[in-house]
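Take a look at the structure below.
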Amino acid sequence: MTAPSEPTRAAPTEGSPGMIGKAKDWIDYRMPIFSFMEHELHEYPTPKNLNYWWNFGSLAGIILVIMIATGIVLAMNYTPHIDHAFNSVERIMRDVNYGWLIRYIHMNGASMFFLVVYIHIFRGLYFGSYKPPRELLWWLGIVILLLMMMTAFMGYVLPWGQMSFWGATVITNLFSAIPWVGDAIVTWLWGGFAVDNPTLQRFFSLHYLLPFVIVGVVVLHLWALHVHGSNNPLGIDRKSEKDSIPFHPYYTIKDLYGLGVFLIFYMAIVFFAPNALGEPDNYIPANPLVTPAHIVPEWYLLPFYAILRSITFDIWFIEAKLLGVIAMFASIFILFLLPWLDFSKVRSARFRPIYKQLFWVFLVDCILLGLVGAKAPNDKVFPGIDNFEYVQLGQITTAYYFFHFLILMPLLAKFEPTRPLPESISEPVLGNRAEAGE
Amino acid sequence: MKNIKALLAVSAIALAAGAVTVSSLSAATAPKPKAQDWSFQGLFGTFDRASLQRGFQVYKNVCAGCHGLKHVAYRNLAALGYTEDQVKAFAAEVEVQDGPNDNGEMYARKGKPSDRFKSPFPNEQAARAANNGAYPPDLSVITKARLNGIDYMYALLTTYKEEPPKGMKMPEGMFYNEAFAGQQIAMVPPLAPDAVQYQDGTKATVPQMAKDVTTFLAWAAEPELEERKSMGRAVIIFLVVLTAFLYALKRKIWSDLH
């Protein structure tokens with residue numbers, strides 16, 4: 001191997017044997033791509049104690065590639081026109097060779113992408129991966145999440161079913177809540193005076209563009225990651241060589257094993273329950289004259305939809321609708337502030353006894369928000385209890401969502417008695433194993 | 001700590017369960033249809049060919065008068081077990097408009113296997129005009145377009161009642177149906193005993209016809225189902241074996257640590 005000990009250019013005279021080795025050196029001297037790969041993928045020092053929750057970052061990257069690959073093939077067969085979109089999707093399902101397979105992989109891939117990314121984010125919340133010096137890394141991750149939401153929303157519009165059309169109508173209409181210029185912005189977004197063919201065509205164009213923007217931000221995300229390396233379950237910095245192992249082969253094989261497990265789950269859905277995560281209404285062609293009984297987004301956007309609908313009251317001169325939109329966007333943008341709202345020096349929840357419990361409360365709160373988003377606001381939460389409707393549950397869970405970030409996190413950071421941190425990563429690893437008799 | 005987690009999990013599940021029961025009671029949505037046994041369910045499910053052919057007969061003789069099947073082509077009927085000549089004969093039963101020819105004129109010709117099923121009405125307006133304002137939807141993906149679509153179709157076809165329950169007044173031209181959202185449906189009860197004469201001699205009871213036509217419509221919506229499931233079985237077996245090897249390799253590679 002040509003592995004130079006320094007990540008800088010290896011002098012060509014050091015020489016690797018053989019033609020291929022020489023060619024590699026020749027290229028590497030002019031553009032150190034092999035040194036770069038060696039440094040960032042092979043040697044890249046990684047904490048030795050990462051658990052399986054750390055598999056989800058690379059999984060997300062792999063799903064992004066799957067989505068782009070299947071999406072490009074779908075785009076070859078799809079027609080972005082309101083008269084043809086629905087039919088062209090059915091043609092893909094019936095007449096394009098393995099079109100059903102490609103579409104089901106893409107359609108369910110969106111759900112898988114969000115599932116994996118949400119686990120990735122909650123892992124970051126639990127182990128304090130957003131804390132110094134990883135704030136920018138965290139920020140870039142939130143940018144990716146925002147881009148994913150936009151991409152998923154526009155992709156969902158493309159089959160031009162009932163939920164596509166009405167989802168697009170509801171979400172674009174949100175911008176009409178902006179004072180003064182709201183209506184003008186909505187008309188501008190639509191490219192007309194209703195969700196219509198220009199809307200579909202621009203959504204298709206942007207749905208093709210944004211994944212590549214995501215790739216760009218993922219590169220920045222990885223760049224930021226590789227400066228200080230991964231956080232770890234103990235949340236303490238690596239102190240000596242003993243704390244680290246090279247990324248390859250240890251984490252490449254661990255990630256591959258995780259990928260195998262994940263693909264079993266993903267493919268089971270694709271082949272045996274491909275429509276289980278979708279709304280049946282989207283197999284009804286879009287009809288601007290018939291509103292579906294319940295307009296709901298896909299499951300991965302439900303918590304935000306619940307927050308949007310929870311604000312049912314005006315505050316002073318600000319209308320409820322605008323407040324709902326603000327709350328919805330704030331629920332994501334508040335994540336940008338998290339590194340400063342939670343200024344506790346201890347990263348990992350393992351050493352934060354109170355935060356450790358509040359983390360689970362927060363997770364349940366998010367799941368409840370998702371449930372509220374799926375329900376009609378005036379349905380009863382419990383049979384027999386008349387005055388407790390989903391809109392109220394939504395208000396409570398929305399309030400708690402912000403209470404968690406704005407009140408609990410700073411208070412905990414200041415007053416929570418944390419447990420003593422281990423000396424180093426190696427110490428507890430060896431210690432625990434000794435205790436367990438391994 | 002453990003207790004709190006368990007408590008939270010239990011309360012979340014209880015809440016979800018409560019929520020599900022409540023929503024199924026609300027009037028605006030269709031009640032959950034009773035689950036039936038279907039030959040094409042499960043990991044090894046395949047369509048019962050005899051049932052598919054009977055179901056096609058029901059569709060052709062009963063449903064096709066009002067409901068289209070425009071995403072399915074006549075050539076697809078080969079999957080039901082029909083010969084090429086039979087498929088050609090089915091296609092030739094309809095007359096389709098083609099053209100323009102070399103003189104620039106549109107002309108009528110007999111259907112070919114490559115044609116899609118001809119819809120009974122040229123457009124939605126014509127369909128509504130002929131059906132008292134109601135729109136008989138195209139059935140190509142109907143079992144995917146309804147919640148629990150397959151059981152729902154069967155329930156819809158078998159739960160018409162002559163008389164609505166006491167106190168419920170049916171508007172003119174509407175029929176009482178337990179499976180339909182709101183229980184008032186504009187579709188005339190389509191199935192009566194012996195509405196079709198099955199070629200294979202099966203007795204054409206209403207439940208039998210409902211079962212057959214639902215099987216046919218499930219096929220029309222998911223013609224890839226059998227190929228999908230058989231490929232899925234192979235893919236899952238492959239992935240399980242591959243993952244087992246990857247796990248073994250992971251253990252081996254990590255064994256030199258510590």
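Quick note on naming: the chains in the structure tokens go A, B, ... in the order shown, residues restart at 1 in each chain, and ligands are numbered from 1 in order of appearance.
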
With only C-alpha atoms considered, list every residue of chain A at most 9 Å from chain B, as a compact mmCIF listing (two decimals) with all heavy atoms, in the first residue's frame.
# COMPACT_ATOMS: atom_id res chain seq x y z
N ASN A 87 -51.56 8.91 -15.48
CA ASN A 87 -51.51 7.79 -16.42
C ASN A 87 -50.09 7.31 -16.65
O ASN A 87 -49.84 6.12 -16.80
CB ASN A 87 -52.12 8.21 -17.76
CG ASN A 87 -53.60 8.50 -17.64
OD1 ASN A 87 -54.23 8.14 -16.64
ND2 ASN A 87 -54.16 9.17 -18.63
N GLU A 90 -49.12 5.05 -13.92
CA GLU A 90 -49.71 3.72 -14.12
C GLU A 90 -48.99 2.95 -15.23
O GLU A 90 -48.85 1.73 -15.18
CB GLU A 90 -51.21 3.83 -14.43
CG GLU A 90 -52.07 3.93 -13.18
CD GLU A 90 -51.81 2.81 -12.18
OE1 GLU A 90 -51.82 1.62 -12.57
OE2 GLU A 90 -51.57 3.11 -11.00
N ARG A 91 -48.55 3.67 -16.26
CA ARG A 91 -47.80 3.02 -17.34
C ARG A 91 -46.48 2.47 -16.79
O ARG A 91 -46.06 1.36 -17.14
CB ARG A 91 -47.52 4.02 -18.48
CG ARG A 91 -47.45 3.36 -19.85
CD ARG A 91 -47.02 4.36 -20.91
NE ARG A 91 -45.61 4.71 -20.79
CZ ARG A 91 -44.62 3.96 -21.26
NH1 ARG A 91 -44.86 2.84 -21.89
NH2 ARG A 91 -43.36 4.33 -21.10
N MET A 93 -46.03 1.47 -13.80
CA MET A 93 -46.39 0.32 -12.96
C MET A 93 -46.70 -0.93 -13.79
O MET A 93 -46.57 -2.04 -13.32
CB MET A 93 -47.61 0.65 -12.10
CG MET A 93 -47.38 1.72 -11.06
SD MET A 93 -46.14 1.27 -9.86
CE MET A 93 -46.98 -0.02 -8.94
N ARG A 94 -47.21 -0.73 -15.03
CA ARG A 94 -47.73 -1.87 -15.79
C ARG A 94 -46.87 -2.24 -16.98
O ARG A 94 -46.69 -3.44 -17.27
CB ARG A 94 -49.15 -1.54 -16.29
CG ARG A 94 -50.16 -1.48 -15.18
CD ARG A 94 -51.38 -0.66 -15.60
NE ARG A 94 -52.21 -0.36 -14.43
CZ ARG A 94 -53.14 -1.18 -13.96
NH1 ARG A 94 -53.41 -2.31 -14.57
NH2 ARG A 94 -53.82 -0.85 -12.88
N TRP A 100 -42.72 -1.23 -11.79
CA TRP A 100 -43.36 -1.33 -10.47
C TRP A 100 -42.30 -1.43 -9.37
O TRP A 100 -42.45 -0.84 -8.31
CB TRP A 100 -44.31 -2.53 -10.42
CG TRP A 100 -43.66 -3.86 -10.73
CD1 TRP A 100 -43.59 -4.46 -11.95
CD2 TRP A 100 -42.97 -4.73 -9.83
NE1 TRP A 100 -42.90 -5.65 -11.86
CE2 TRP A 100 -42.52 -5.85 -10.57
CE3 TRP A 100 -42.71 -4.69 -8.45
CZ2 TRP A 100 -41.80 -6.90 -10.00
CZ3 TRP A 100 -42.00 -5.74 -7.87
CH2 TRP A 100 -41.56 -6.83 -8.65
N LEU A 101 -41.22 -2.16 -9.66
CA LEU A 101 -40.17 -2.34 -8.66
C LEU A 101 -39.46 -1.01 -8.40
O LEU A 101 -39.26 -0.60 -7.25
CB LEU A 101 -39.18 -3.40 -9.15
CG LEU A 101 -37.97 -3.66 -8.27
CD1 LEU A 101 -38.41 -4.12 -6.88
CD2 LEU A 101 -37.06 -4.70 -8.91
N ILE A 245 -10.04 3.64 16.39
CA ILE A 245 -9.71 2.59 15.44
C ILE A 245 -9.90 3.18 14.05
O ILE A 245 -10.69 4.12 13.88
CB ILE A 245 -10.60 1.34 15.63
CG1 ILE A 245 -12.08 1.73 15.75
CG2 ILE A 245 -10.15 0.52 16.83
CD1 ILE A 245 -13.00 0.55 15.90
N PRO A 249 -10.96 -1.31 8.36
CA PRO A 249 -12.16 -2.06 7.96
C PRO A 249 -13.25 -2.11 9.03
O PRO A 249 -14.33 -2.62 8.76
CB PRO A 249 -11.60 -3.48 7.78
CG PRO A 249 -10.55 -3.57 8.85
CD PRO A 249 -9.95 -2.20 8.96
N TYR A 250 -12.97 -1.54 10.23
CA TYR A 250 -13.90 -1.79 11.34
C TYR A 250 -15.30 -1.25 11.10
O TYR A 250 -16.30 -1.94 11.28
CB TYR A 250 -13.32 -1.23 12.64
CG TYR A 250 -12.05 -1.94 13.03
CD1 TYR A 250 -10.80 -1.34 12.85
CD2 TYR A 250 -12.10 -3.24 13.52
CE1 TYR A 250 -9.64 -2.02 13.17
CE2 TYR A 250 -10.95 -3.93 13.83
CZ TYR A 250 -9.70 -3.32 13.66
OH TYR A 250 -8.57 -3.98 13.96
N TYR A 251 -15.37 0.03 10.70
CA TYR A 251 -16.72 0.58 10.54
C TYR A 251 -17.28 0.35 9.15
O TYR A 251 -18.50 0.40 8.97
CB TYR A 251 -16.75 2.05 10.96
CG TYR A 251 -16.72 2.15 12.46
CD1 TYR A 251 -15.59 2.60 13.13
CD2 TYR A 251 -17.80 1.72 13.21
CE1 TYR A 251 -15.54 2.64 14.52
CE2 TYR A 251 -17.76 1.75 14.60
CZ TYR A 251 -16.64 2.21 15.24
OH TYR A 251 -16.61 2.23 16.61
N ILE A 253 -17.21 -2.55 7.69
CA ILE A 253 -17.92 -3.84 7.80
C ILE A 253 -19.13 -3.70 8.72
O ILE A 253 -20.18 -4.29 8.47
CB ILE A 253 -16.97 -4.97 8.27
CG1 ILE A 253 -17.70 -6.33 8.24
CG2 ILE A 253 -16.43 -4.74 9.67
CD1 ILE A 253 -18.19 -6.76 6.90
N LYS A 254 -18.99 -2.89 9.77
CA LYS A 254 -20.14 -2.72 10.67
C LYS A 254 -21.29 -2.01 9.94
O LYS A 254 -22.46 -2.39 10.09
CB LYS A 254 -19.71 -1.92 11.90
CG LYS A 254 -20.73 -1.99 13.03
CD LYS A 254 -20.23 -1.28 14.27
CE LYS A 254 -21.29 -1.34 15.36
NZ LYS A 254 -20.88 -0.62 16.57
N LEU A 256 -21.79 -2.10 6.71
CA LEU A 256 -22.33 -3.03 5.72
C LEU A 256 -23.29 -4.02 6.36
O LEU A 256 -24.35 -4.34 5.81
CB LEU A 256 -21.19 -3.79 5.03
CG LEU A 256 -20.51 -3.06 3.87
CD1 LEU A 256 -19.32 -3.88 3.38
CD2 LEU A 256 -21.49 -2.82 2.73
N TYR A 257 -22.92 -4.51 7.53
CA TYR A 257 -23.82 -5.42 8.25
C TYR A 257 -25.14 -4.71 8.59
O TYR A 257 -26.23 -5.25 8.35
CB TYR A 257 -23.13 -5.94 9.52
CG TYR A 257 -24.06 -6.58 10.50
CD1 TYR A 257 -24.87 -7.64 10.12
CD2 TYR A 257 -24.16 -6.10 11.80
CE1 TYR A 257 -25.75 -8.21 11.02
CE2 TYR A 257 -25.04 -6.67 12.69
CZ TYR A 257 -25.84 -7.72 12.30
OH TYR A 257 -26.72 -8.27 13.19
N GLY A 258 -25.03 -3.47 9.07
CA GLY A 258 -26.23 -2.70 9.36
C GLY A 258 -27.07 -2.48 8.11
O GLY A 258 -28.30 -2.56 8.15
N LEU A 259 -26.39 -2.24 7.00
CA LEU A 259 -27.10 -2.05 5.73
C LEU A 259 -27.88 -3.31 5.38
O LEU A 259 -29.03 -3.24 4.93
CB LEU A 259 -26.09 -1.71 4.62
CG LEU A 259 -26.67 -1.60 3.21
CD1 LEU A 259 -27.64 -0.43 3.11
CD2 LEU A 259 -25.56 -1.46 2.18
N GLY A 260 -27.27 -4.46 5.59
CA GLY A 260 -27.96 -5.72 5.31
C GLY A 260 -29.25 -5.85 6.11
O GLY A 260 -30.31 -6.15 5.56
N VAL A 261 -29.15 -5.59 7.40
CA VAL A 261 -30.33 -5.68 8.26
C VAL A 261 -31.40 -4.70 7.78
O VAL A 261 -32.58 -5.04 7.64
CB VAL A 261 -29.97 -5.39 9.73
CG1 VAL A 261 -31.23 -5.32 10.59
CG2 VAL A 261 -29.00 -6.44 10.25
N LEU A 263 -31.79 -3.37 4.80
CA LEU A 263 -32.35 -3.72 3.48
C LEU A 263 -33.41 -4.82 3.61
O LEU A 263 -34.39 -4.84 2.86
CB LEU A 263 -31.25 -4.15 2.52
CG LEU A 263 -30.42 -3.03 1.89
CD1 LEU A 263 -29.37 -3.61 0.95
CD2 LEU A 263 -31.31 -2.04 1.13
N ILE A 264 -33.21 -5.73 4.56
CA ILE A 264 -34.23 -6.78 4.76
C ILE A 264 -35.56 -6.11 5.11
O ILE A 264 -36.61 -6.43 4.55
CB ILE A 264 -33.79 -7.76 5.87
CG1 ILE A 264 -32.58 -8.56 5.40
CG2 ILE A 264 -34.93 -8.69 6.25
CD1 ILE A 264 -31.94 -9.41 6.48
N PHE A 265 -35.50 -5.15 6.03
CA PHE A 265 -36.71 -4.42 6.44
C PHE A 265 -37.32 -3.64 5.27
O PHE A 265 -38.52 -3.74 4.98
CB PHE A 265 -36.32 -3.48 7.59
CG PHE A 265 -37.39 -2.53 8.02
CD1 PHE A 265 -38.53 -3.01 8.66
CD2 PHE A 265 -37.27 -1.17 7.80
CE1 PHE A 265 -39.52 -2.13 9.06
CE2 PHE A 265 -38.26 -0.30 8.19
CZ PHE A 265 -39.40 -0.78 8.82
N MET A 267 -36.82 -3.95 1.96
CA MET A 267 -37.30 -4.76 0.85
C MET A 267 -38.55 -5.56 1.22
O MET A 267 -39.39 -5.83 0.37
CB MET A 267 -36.19 -5.71 0.37
CG MET A 267 -35.07 -4.97 -0.34
SD MET A 267 -35.67 -4.05 -1.79
CE MET A 267 -35.01 -2.43 -1.46
N ALA A 268 -38.69 -5.91 2.50
CA ALA A 268 -39.92 -6.59 2.93
C ALA A 268 -41.11 -5.67 2.66
O ALA A 268 -42.16 -6.12 2.19
CB ALA A 268 -39.84 -6.97 4.40
N VAL A 270 -41.16 -3.11 0.41
CA VAL A 270 -41.26 -2.91 -1.05
C VAL A 270 -41.99 -4.09 -1.71
O VAL A 270 -42.87 -3.90 -2.55
CB VAL A 270 -39.86 -2.73 -1.67
CG1 VAL A 270 -39.90 -2.90 -3.19
CG2 VAL A 270 -39.30 -1.36 -1.31
N PHE A 271 -41.66 -5.31 -1.31
CA PHE A 271 -42.21 -6.47 -2.02
C PHE A 271 -43.52 -6.98 -1.43
O PHE A 271 -44.31 -7.58 -2.14
CB PHE A 271 -41.18 -7.61 -2.03
CG PHE A 271 -40.05 -7.37 -2.99
CD1 PHE A 271 -38.80 -6.97 -2.55
CD2 PHE A 271 -40.26 -7.53 -4.36
CE1 PHE A 271 -37.76 -6.74 -3.44
CE2 PHE A 271 -39.22 -7.30 -5.26
CZ PHE A 271 -37.97 -6.91 -4.80
N PHE A 272 -43.74 -6.76 -0.14
CA PHE A 272 -44.91 -7.40 0.46
C PHE A 272 -45.95 -6.43 1.00
O PHE A 272 -47.08 -6.83 1.27
CB PHE A 272 -44.47 -8.37 1.56
CG PHE A 272 -43.64 -9.50 1.02
CD1 PHE A 272 -42.28 -9.56 1.26
CD2 PHE A 272 -44.21 -10.46 0.22
CE1 PHE A 272 -41.51 -10.58 0.72
CE2 PHE A 272 -43.46 -11.49 -0.32
CZ PHE A 272 -42.10 -11.55 -0.07
N ASN A 275 -47.83 -0.50 -0.45
CA ASN A 275 -48.71 0.65 -0.29
C ASN A 275 -49.13 0.89 1.15
O ASN A 275 -49.97 1.75 1.41
CB ASN A 275 -49.95 0.48 -1.17
CG ASN A 275 -49.59 0.52 -2.64
OD1 ASN A 275 -49.02 1.49 -3.13
ND2 ASN A 275 -49.88 -0.55 -3.36
N GLU A 279 -51.27 6.81 1.30
CA GLU A 279 -52.70 7.10 1.42
C GLU A 279 -53.42 6.53 0.20
O GLU A 279 -53.05 6.84 -0.93
CB GLU A 279 -52.92 8.61 1.44
CG GLU A 279 -52.67 9.26 2.78
CD GLU A 279 -53.70 8.85 3.80
OE1 GLU A 279 -54.89 8.75 3.46
OE2 GLU A 279 -53.29 8.62 4.96
N PRO A 280 -54.48 5.72 0.43
CA PRO A 280 -55.22 5.18 -0.72
C PRO A 280 -55.72 6.28 -1.66
O PRO A 280 -55.79 6.08 -2.87
CB PRO A 280 -56.39 4.44 -0.08
CG PRO A 280 -55.99 4.19 1.32
CD PRO A 280 -55.03 5.26 1.71
N ASP A 281 -56.06 7.43 -1.08
CA ASP A 281 -56.61 8.51 -1.90
C ASP A 281 -55.70 8.93 -3.04
O ASP A 281 -56.15 9.52 -4.01
CB ASP A 281 -56.92 9.74 -1.03
CG ASP A 281 -58.29 9.64 -0.40
OD1 ASP A 281 -58.68 8.51 -0.08
OD2 ASP A 281 -58.96 10.67 -0.24
N ASN A 282 -54.41 8.65 -2.91
CA ASN A 282 -53.53 9.10 -3.99
C ASN A 282 -53.59 8.19 -5.21
O ASN A 282 -52.95 8.48 -6.22
CB ASN A 282 -52.09 9.28 -3.51
CG ASN A 282 -51.52 10.59 -4.01
OD1 ASN A 282 -52.26 11.54 -4.25
ND2 ASN A 282 -50.22 10.63 -4.23
N TYR A 283 -54.38 7.11 -5.14
CA TYR A 283 -54.64 6.32 -6.34
C TYR A 283 -55.93 6.79 -7.02
O TYR A 283 -56.40 6.17 -7.95
CB TYR A 283 -54.70 4.83 -6.01
CG TYR A 283 -53.32 4.21 -5.88
CD1 TYR A 283 -52.80 3.84 -4.65
CD2 TYR A 283 -52.52 4.02 -7.01
CE1 TYR A 283 -51.54 3.29 -4.54
CE2 TYR A 283 -51.26 3.47 -6.92
CZ TYR A 283 -50.77 3.10 -5.68
OH TYR A 283 -49.50 2.55 -5.59
N ILE A 284 -56.51 7.89 -6.52
CA ILE A 284 -57.64 8.54 -7.20
C ILE A 284 -57.06 9.73 -7.95
O ILE A 284 -56.36 10.55 -7.35
CB ILE A 284 -58.71 9.01 -6.20
CG1 ILE A 284 -59.19 7.85 -5.34
CG2 ILE A 284 -59.86 9.69 -6.92
CD1 ILE A 284 -60.08 8.29 -4.18
N ALA A 293 -62.03 13.75 2.23
CA ALA A 293 -62.57 13.93 3.59
C ALA A 293 -61.48 14.42 4.54
O ALA A 293 -61.69 15.33 5.34
CB ALA A 293 -63.19 12.63 4.08
N PRO A 353 -28.65 12.30 34.26
CA PRO A 353 -29.78 11.47 34.70
C PRO A 353 -31.16 12.05 34.40
O PRO A 353 -32.09 11.31 34.08
CB PRO A 353 -29.56 11.34 36.21
CG PRO A 353 -28.53 12.36 36.57
CD PRO A 353 -27.73 12.62 35.35
N LYS A 356 -31.75 12.33 30.46
CA LYS A 356 -31.95 10.99 29.93
C LYS A 356 -33.42 10.60 29.93
O LYS A 356 -33.91 9.96 29.01
CB LYS A 356 -31.15 10.01 30.81
CG LYS A 356 -31.02 8.62 30.26
CD LYS A 356 -30.12 7.83 31.19
CE LYS A 356 -29.93 6.42 30.68
NZ LYS A 356 -28.94 5.71 31.50
N GLN A 357 -34.16 11.02 30.99
CA GLN A 357 -35.57 10.70 31.04
C GLN A 357 -36.39 11.65 30.18
O GLN A 357 -37.31 11.25 29.49
CB GLN A 357 -36.06 10.75 32.49
CG GLN A 357 -35.26 9.80 33.35
CD GLN A 357 -35.91 9.50 34.67
OE1 GLN A 357 -37.05 9.86 34.91
NE2 GLN A 357 -35.18 8.82 35.53
N TRP A 360 -36.77 10.77 26.55
CA TRP A 360 -37.84 9.84 26.16
C TRP A 360 -39.20 10.53 26.18
O TRP A 360 -40.06 10.23 25.35
CB TRP A 360 -37.84 8.62 27.08
CG TRP A 360 -36.59 7.81 26.89
CD1 TRP A 360 -35.51 7.75 27.72
CD2 TRP A 360 -36.27 6.99 25.76
NE1 TRP A 360 -34.54 6.94 27.18
CE2 TRP A 360 -34.98 6.45 25.98
CE3 TRP A 360 -36.95 6.65 24.58
CZ2 TRP A 360 -34.36 5.59 25.08
CZ3 TRP A 360 -36.33 5.79 23.69
CH2 TRP A 360 -35.05 5.27 23.93
N VAL A 361 -39.39 11.43 27.14
CA VAL A 361 -40.65 12.17 27.16
C VAL A 361 -40.80 12.97 25.87
O VAL A 361 -41.87 13.00 25.25
CB VAL A 361 -40.70 13.13 28.38
CG1 VAL A 361 -41.97 13.96 28.36
CG2 VAL A 361 -40.60 12.33 29.68
N VAL A 364 -41.74 10.70 22.98
CA VAL A 364 -43.16 10.36 23.01
C VAL A 364 -43.99 11.55 22.56
O VAL A 364 -44.98 11.40 21.83
CB VAL A 364 -43.57 9.89 24.43
CG1 VAL A 364 -45.08 9.77 24.54
CG2 VAL A 364 -42.91 8.56 24.75
N ILE A 367 -44.03 11.60 18.87
CA ILE A 367 -44.88 10.54 18.33
C ILE A 367 -46.36 10.93 18.47
O ILE A 367 -47.16 10.75 17.56
CB ILE A 367 -44.59 9.20 19.04
CG1 ILE A 367 -43.18 8.74 18.66
CG2 ILE A 367 -45.62 8.14 18.66
CD1 ILE A 367 -42.67 7.57 19.48
N LEU A 368 -46.70 11.53 19.63
CA LEU A 368 -48.09 11.98 19.83
C LEU A 368 -48.44 13.07 18.82
O LEU A 368 -49.55 13.09 18.28
CB LEU A 368 -48.28 12.50 21.26
CG LEU A 368 -48.34 11.42 22.35
CD1 LEU A 368 -48.47 12.07 23.72
CD2 LEU A 368 -49.49 10.46 22.10
N LEU A 371 -49.36 11.43 15.73
CA LEU A 371 -50.71 10.87 15.83
C LEU A 371 -51.77 11.95 15.63
O LEU A 371 -52.74 11.79 14.89
CB LEU A 371 -50.88 10.21 17.21
CG LEU A 371 -52.20 9.54 17.50
CD1 LEU A 371 -52.34 8.28 16.68
CD2 LEU A 371 -52.32 9.23 18.98
N LYS A 375 -55.02 12.69 12.60
CA LYS A 375 -56.43 12.65 12.97
C LYS A 375 -57.17 13.93 12.60
O LYS A 375 -56.57 14.99 12.50
CB LYS A 375 -56.54 12.45 14.49
CG LYS A 375 -55.97 11.14 14.97
CD LYS A 375 -56.82 9.98 14.50
CE LYS A 375 -56.15 8.66 14.83
NZ LYS A 375 -56.88 7.53 14.25
N ALA A 376 -58.46 13.80 12.46
CA ALA A 376 -59.29 14.99 12.29
C ALA A 376 -59.28 15.75 13.61
O ALA A 376 -59.42 15.14 14.67
CB ALA A 376 -60.70 14.59 11.91
N ASP A 379 -62.00 15.01 16.27
CA ASP A 379 -62.24 13.66 16.77
C ASP A 379 -61.88 13.61 18.25
O ASP A 379 -60.99 14.34 18.72
CB ASP A 379 -61.38 12.65 16.01
CG ASP A 379 -62.05 12.20 14.72
OD1 ASP A 379 -63.20 12.63 14.47
OD2 ASP A 379 -61.42 11.46 13.96
N LYS A 380 -62.57 12.73 18.97
CA LYS A 380 -62.28 12.58 20.41
C LYS A 380 -61.05 11.69 20.59
O LYS A 380 -60.89 10.69 19.92
CB LYS A 380 -63.46 11.93 21.12
CG LYS A 380 -64.80 12.57 20.76
CD LYS A 380 -65.21 13.63 21.75
CE LYS A 380 -66.50 14.30 21.32
NZ LYS A 380 -66.36 15.14 20.11
N VAL A 381 -60.20 12.07 21.55
CA VAL A 381 -59.01 11.28 21.81
C VAL A 381 -59.39 9.98 22.51
O VAL A 381 -58.93 8.90 22.15
CB VAL A 381 -58.00 12.08 22.66
CG1 VAL A 381 -56.75 11.25 22.94
CG2 VAL A 381 -57.63 13.37 21.94
N PHE A 382 -60.24 10.08 23.53
CA PHE A 382 -60.69 8.89 24.25
C PHE A 382 -62.19 8.75 24.05
O PHE A 382 -62.93 9.73 24.18
CB PHE A 382 -60.40 9.02 25.75
CG PHE A 382 -58.94 9.14 26.06
CD1 PHE A 382 -58.40 10.36 26.43
CD2 PHE A 382 -58.10 8.03 25.96
CE1 PHE A 382 -57.05 10.48 26.72
CE2 PHE A 382 -56.75 8.15 26.24
CZ PHE A 382 -56.23 9.36 26.62
N PRO A 383 -62.64 7.55 23.75
CA PRO A 383 -64.09 7.38 23.63
C PRO A 383 -64.74 7.69 24.98
O PRO A 383 -64.23 7.29 26.02
CB PRO A 383 -64.25 5.89 23.28
CG PRO A 383 -62.91 5.27 23.29
CD PRO A 383 -61.90 6.29 23.65
N LEU A 430 -12.83 -1.15 28.61
CA LEU A 430 -12.10 -2.26 29.22
C LEU A 430 -12.73 -2.62 30.56
O LEU A 430 -12.92 -3.78 30.88
CB LEU A 430 -10.63 -1.89 29.41
CG LEU A 430 -9.90 -1.65 28.08
CD1 LEU A 430 -8.50 -1.12 28.35
CD2 LEU A 430 -9.84 -2.93 27.26

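Within the 10 Å cut-off around His248 (chain A), using only C-alpha atoms and omitting residues fewer than 5 positions from it on the same chain, the listed residues are Glu38, Glu40, Leu41, His42, Glu43, Tyr44, Pro45, Thr46, Ile253 and Lys254 of chain A.
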
- Task: Quick one: pick out all alpha helix (DSSP H) residues within region 131-358 of chain A from a backbone DSSP run and write them as a ChimeraX atom specification.
- Result: /A:135-157,162-173,182-190,197-228,247-272,302-310,320-341,353-358

- Query: What separation in Å, quoted to one decimal, exists between CA of Tyr152 (chain B) and CA of Asn61 (chain B)?
  - Reply: 21.2 Å

- Task: Find the residues near region 312-324 of chain A: any atom within 9 Å, counting only C-alpha atoms, skip ones fewer than 5 places away on the same chain, and give them as JSON, numbers by chain.
- Result: {"A": [174, 175, 176, 177, 178, 179, 307, 329, 391, 395]}

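You will find CA of Val195 (chain A) at 23.0 Å from CA of Tyr300 (chain A).
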